[in-house]
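Asks: Hey, dropping input_14.cif in here, mmCIF, C-alpha atoms:
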```cif
data_model
loop_
_atom_site.label_atom_id
_atom_site.label_comp_id
_atom_site.auth_asym_id
_atom_site.auth_seq_id
_atom_site.Cartn_x
_atom_site.Cartn_y
_atom_site.Cartn_z
CA MET X 200 26.78 -117.50 -104.16
CA THR X 201 26.25 -121.16 -103.92
CA SER X 202 24.85 -121.47 -100.42
CA ASP X 203 23.69 -119.50 -97.40
CA GLU X 204 27.00 -120.20 -95.65
CA ASP X 205 28.77 -118.19 -98.39
CA HIS X 206 26.64 -115.09 -97.63
CA GLY X 207 28.98 -112.32 -96.51
CA ALA X 208 32.16 -114.20 -97.49
CA TRP X 209 34.73 -112.38 -99.59
CA ARG X 210 35.21 -113.57 -103.17
CA VAL X 211 38.18 -112.46 -105.26
CA VAL X 212 37.60 -111.77 -108.96
CA ALA X 213 39.83 -114.33 -110.67
CA GLY X 214 39.54 -113.39 -114.31
CA GLN X 215 37.76 -111.57 -117.10
CA ALA X 216 34.79 -113.96 -117.20
CA GLU X 217 34.08 -113.45 -113.50
CA LEU X 218 34.39 -109.64 -113.75
CA THR X 219 32.06 -109.57 -116.76
CA ALA X 220 29.53 -111.87 -115.06
CA LEU X 221 29.55 -109.84 -111.83
CA ASP X 222 29.12 -106.59 -113.76
CA ALA X 223 26.20 -108.02 -115.75
CA SER X 224 24.53 -109.43 -112.62
CA ILE X 225 24.15 -106.03 -110.91
CA ASN X 226 21.61 -103.39 -111.94
CA TRP X 227 24.09 -100.51 -111.76
CA GLU X 228 21.51 -97.96 -112.91
CA ASP X 229 19.67 -98.41 -109.62
CA ALA X 230 22.75 -99.03 -107.46
CA GLU X 231 23.79 -96.33 -105.02
CA ALA X 232 27.10 -95.89 -103.20
CA VAL X 233 26.12 -95.37 -99.55
CA ALA X 234 29.52 -95.55 -97.82
CA PHE X 235 33.18 -95.78 -98.70
CA VAL X 236 36.54 -95.67 -97.00
CA GLY X 237 40.15 -95.76 -98.12
CA SER X 238 43.29 -96.83 -96.34
CA ARG X 239 46.91 -97.63 -97.06
CA ASP X 240 46.83 -100.35 -94.40
CA SER X 241 48.12 -103.66 -95.78
CA GLY X 242 45.31 -105.55 -94.16
CA SER X 243 46.35 -107.07 -90.86
CA GLY X 244 43.62 -109.67 -91.24
CA ARG X 245 40.90 -107.47 -92.72
CA LEU X 246 41.69 -108.18 -96.36
CA PRO X 247 41.12 -111.60 -97.88
CA ALA X 248 44.21 -113.77 -97.24
CA GLU X 249 44.87 -114.35 -100.94
CA VAL X 250 45.17 -110.63 -101.63
CA ALA X 251 46.64 -109.29 -98.38
CA ARG X 252 50.20 -108.18 -98.99
CA SER X 253 52.66 -105.89 -97.29
CA GLY X 254 55.05 -103.30 -98.63
CA TYR X 255 52.78 -101.32 -100.95
CA VAL X 256 51.72 -97.75 -100.33
CA ASN X 257 48.72 -97.47 -102.65
CA TRP X 258 45.16 -97.13 -101.43
CA ASN X 259 42.77 -99.95 -100.59
CA VAL X 260 39.27 -98.63 -101.29
CA ARG X 261 36.14 -100.24 -99.83
CA VAL X 262 32.77 -99.18 -101.24
CA LEU X 263 29.33 -100.25 -100.07
CA PHE X 264 26.59 -100.07 -102.73
CA PHE X 265 22.87 -100.51 -102.16
CA VAL X 266 21.85 -102.96 -104.90
CA ALA X 267 18.59 -104.61 -103.70
CA ASP X 268 19.79 -107.93 -105.09
CA ARG X 269 18.50 -111.41 -104.26
CA ARG X 270 22.01 -112.17 -102.92
CA GLY X 271 21.87 -109.26 -100.48
CA SER X 272 20.67 -105.69 -100.10
CA HIS X 273 24.22 -104.42 -100.54
CA ILE X 274 27.46 -105.36 -102.25
CA GLU X 275 30.77 -104.35 -100.75
CA LEU X 276 33.62 -103.93 -103.21
CA LEU X 277 37.24 -103.96 -102.09
CA PHE X 278 39.71 -102.49 -104.57
CA VAL X 279 43.15 -103.55 -103.35
CA ASP X 280 46.30 -101.57 -104.08
CA CYS X 281 44.74 -98.87 -106.28
CA ASP X 282 47.39 -96.97 -108.16
CA GLU X 283 44.91 -94.98 -110.19
CA VAL X 284 41.49 -93.63 -109.26
CA GLY X 285 39.52 -91.35 -111.58
CA PRO X 286 37.35 -88.33 -110.74
CA SER X 287 33.69 -88.92 -109.88
CA LEU X 288 34.43 -92.57 -109.24
CA PHE X 289 31.02 -93.61 -107.92
CA ALA X 290 28.70 -91.59 -110.19
CA GLY X 291 27.34 -93.90 -112.87
CA PHE X 292 29.62 -96.66 -111.60
CA THR X 293 29.79 -100.11 -113.19
CA LEU X 294 32.35 -102.91 -113.17
CA ASP X 295 32.83 -102.70 -116.91
CA GLY X 296 36.50 -103.21 -117.58
CA ARG X 297 39.21 -105.77 -118.04
CA VAL X 298 41.42 -108.16 -116.13
CA ASP X 299 45.01 -108.40 -117.36
CA ARG X 300 47.28 -111.46 -117.28
CA LEU X 301 48.48 -110.51 -113.77
CA GLU X 302 44.81 -110.35 -112.65
CA ARG X 303 44.93 -106.57 -112.16
CA ILE X 304 41.57 -104.88 -112.68
CA GLU X 305 40.90 -101.81 -114.81
CA VAL X 306 37.41 -100.34 -114.50
CA THR X 307 36.33 -98.09 -117.37
CA ASP X 308 33.47 -95.65 -117.92
CA SER X 309 30.92 -95.77 -120.75
CA ASN X 310 33.43 -94.00 -123.05
CA GLY X 311 36.14 -96.58 -122.38
CA GLN X 312 38.17 -94.18 -120.21
CA ARG X 313 39.90 -95.77 -117.21
CA ARG X 314 38.28 -94.77 -113.91
CA LEU X 315 40.15 -97.07 -111.56
CA ARG X 316 43.01 -99.55 -111.61
CA CYS X 317 43.86 -101.95 -108.80
CA SER X 318 45.83 -105.12 -108.14
CA ARG X 319 42.82 -107.15 -107.04
CA LEU X 320 39.07 -106.80 -106.64
CA ALA X 321 37.15 -108.66 -103.96
CA TYR X 322 33.44 -108.45 -103.22
CA ARG X 323 30.77 -109.76 -100.92
CA PHE X 324 27.02 -109.45 -100.67
CA LEU X 325 25.55 -108.33 -97.35
CA GLU X 326 22.06 -107.93 -95.94
CA LEU X 327 21.94 -104.58 -94.10
CA ASP X 328 19.26 -102.15 -93.07
CA PRO X 329 19.74 -98.55 -94.31
CA LEU X 330 21.01 -97.22 -90.96
CA GLN X 331 23.62 -99.98 -90.72
CA ALA X 332 24.71 -99.27 -94.28
CA HIS X 333 25.27 -95.53 -93.81
CA GLY X 334 27.39 -96.13 -90.70
CA PHE X 335 29.06 -99.27 -92.05
CA TYR X 336 32.62 -97.96 -91.86
CA GLY X 337 32.20 -96.36 -88.45
CA VAL X 338 31.44 -92.82 -89.59
CA ARG X 339 27.89 -92.05 -88.61
CA ASN X 340 27.80 -88.25 -88.39
CA GLU X 341 29.46 -85.38 -90.20
CA PRO X 342 32.13 -83.52 -88.21
CA SER X 343 30.89 -80.66 -86.10
CA ASP X 344 31.91 -77.06 -86.78
CA GLU X 345 31.65 -76.26 -83.07
CA GLY X 346 34.78 -74.67 -81.68
CA ASP X 347 36.12 -73.73 -85.13
CA ASP X 348 36.97 -70.07 -85.47
#
```
As structure tokens, what does this structure read like?
Replies:
Amino acid sequence: MTSDEDHGAWRVVAGQAELTALDASINWEDAEAVAFVGSRDSGSGRLPAEVARSGYVNWNVRVLFFVADRRGSHIELLFVDCDEVGPSLFAGFTLDGRVDRLERIEVTDSNGQRRLRCSRLAYRFLELDPLQAHGFYGVRNEPSDEGDD
């Protein structure tokens, strides 16, 4: 981030150098996924304009990680148009991977196995307290079992 006015603004990963730099700038060993949500919604204003598209049916996955970074307490990652998501996606997560010539992102694990593939990756740093973070996507409590037979 270059200034305080950029804090909280979405940035789209534009190439391999940016993906590699972002990955290296986060201490993933101490990062913790605290909230996530997925949707097939094409955006309707919620996705960054340069990546919002219509007509696809793949998932858009938003993940909020606690990172305790100087740029913000949390980083939100937006994986747009995911056509492949691997098991245990957030355990031991990093942004190690590659950007192809169409700017699609492939995230791999420590063994080089693909964990996730998406059309675009956007991110933003946020300053949130822990209670805000856990309810960030509007789900604050687990569903009740009351009334279930």
Asks: Using all atoms listed in the file, which residue out of X:Glu231, X:Glu305, X:Asp222, X:Glu217 lies closest to Phe265 in chain X?
Replies: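 Among the listed residues, X:Glu231 lies closest to Phe265 in chain X.
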Asks: Enumerate, as a PyMOL selection string, the residues matched when the PyMOL selection byres ((chain X and resi 316-333) around 9) is run on the file above.
Replies: chain X and resi 200+206-213+218+233-234+246-247+250+258-259+263-265+268+270-285+301-307+313-315+334-339
Asks: Please provide the set of residues having any atom within 9 Å of Ser238 in chain X, restricted to all atoms listed in the file, with same-chain residues fewer than 2 positions apart removed, written as a compact mmCIF listing (two decimals) with C-alpha atoms, in the coordinates of the input.
Replies:
```
# COMPACT_ATOMS: atom_id res chain seq x y z
CA VAL X 236 36.54 -95.67 -97.00
CA ASP X 240 46.83 -100.35 -94.40
CA SER X 241 48.12 -103.66 -95.78
CA ASN X 257 48.72 -97.47 -102.65
CA TRP X 258 45.16 -97.13 -101.43
CA ASN X 259 42.77 -99.95 -100.59
CA VAL X 260 39.27 -98.63 -101.29
CA ARG X 261 36.14 -100.24 -99.83
```
Asks: Figure out the distance between CA of Thr293 in chain X and CA of Ala267 in chain X, please, to one decimal in Å.
Replies: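 So the answer is 15.4 Å.
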Asks: Neighbours of Asn310 in chain X within 12 Å (all atoms listed in the file; same-chain residues fewer than 6 positions away dropped), as a PyMOL selection string?
Replies: chain X and resi 291+295-296
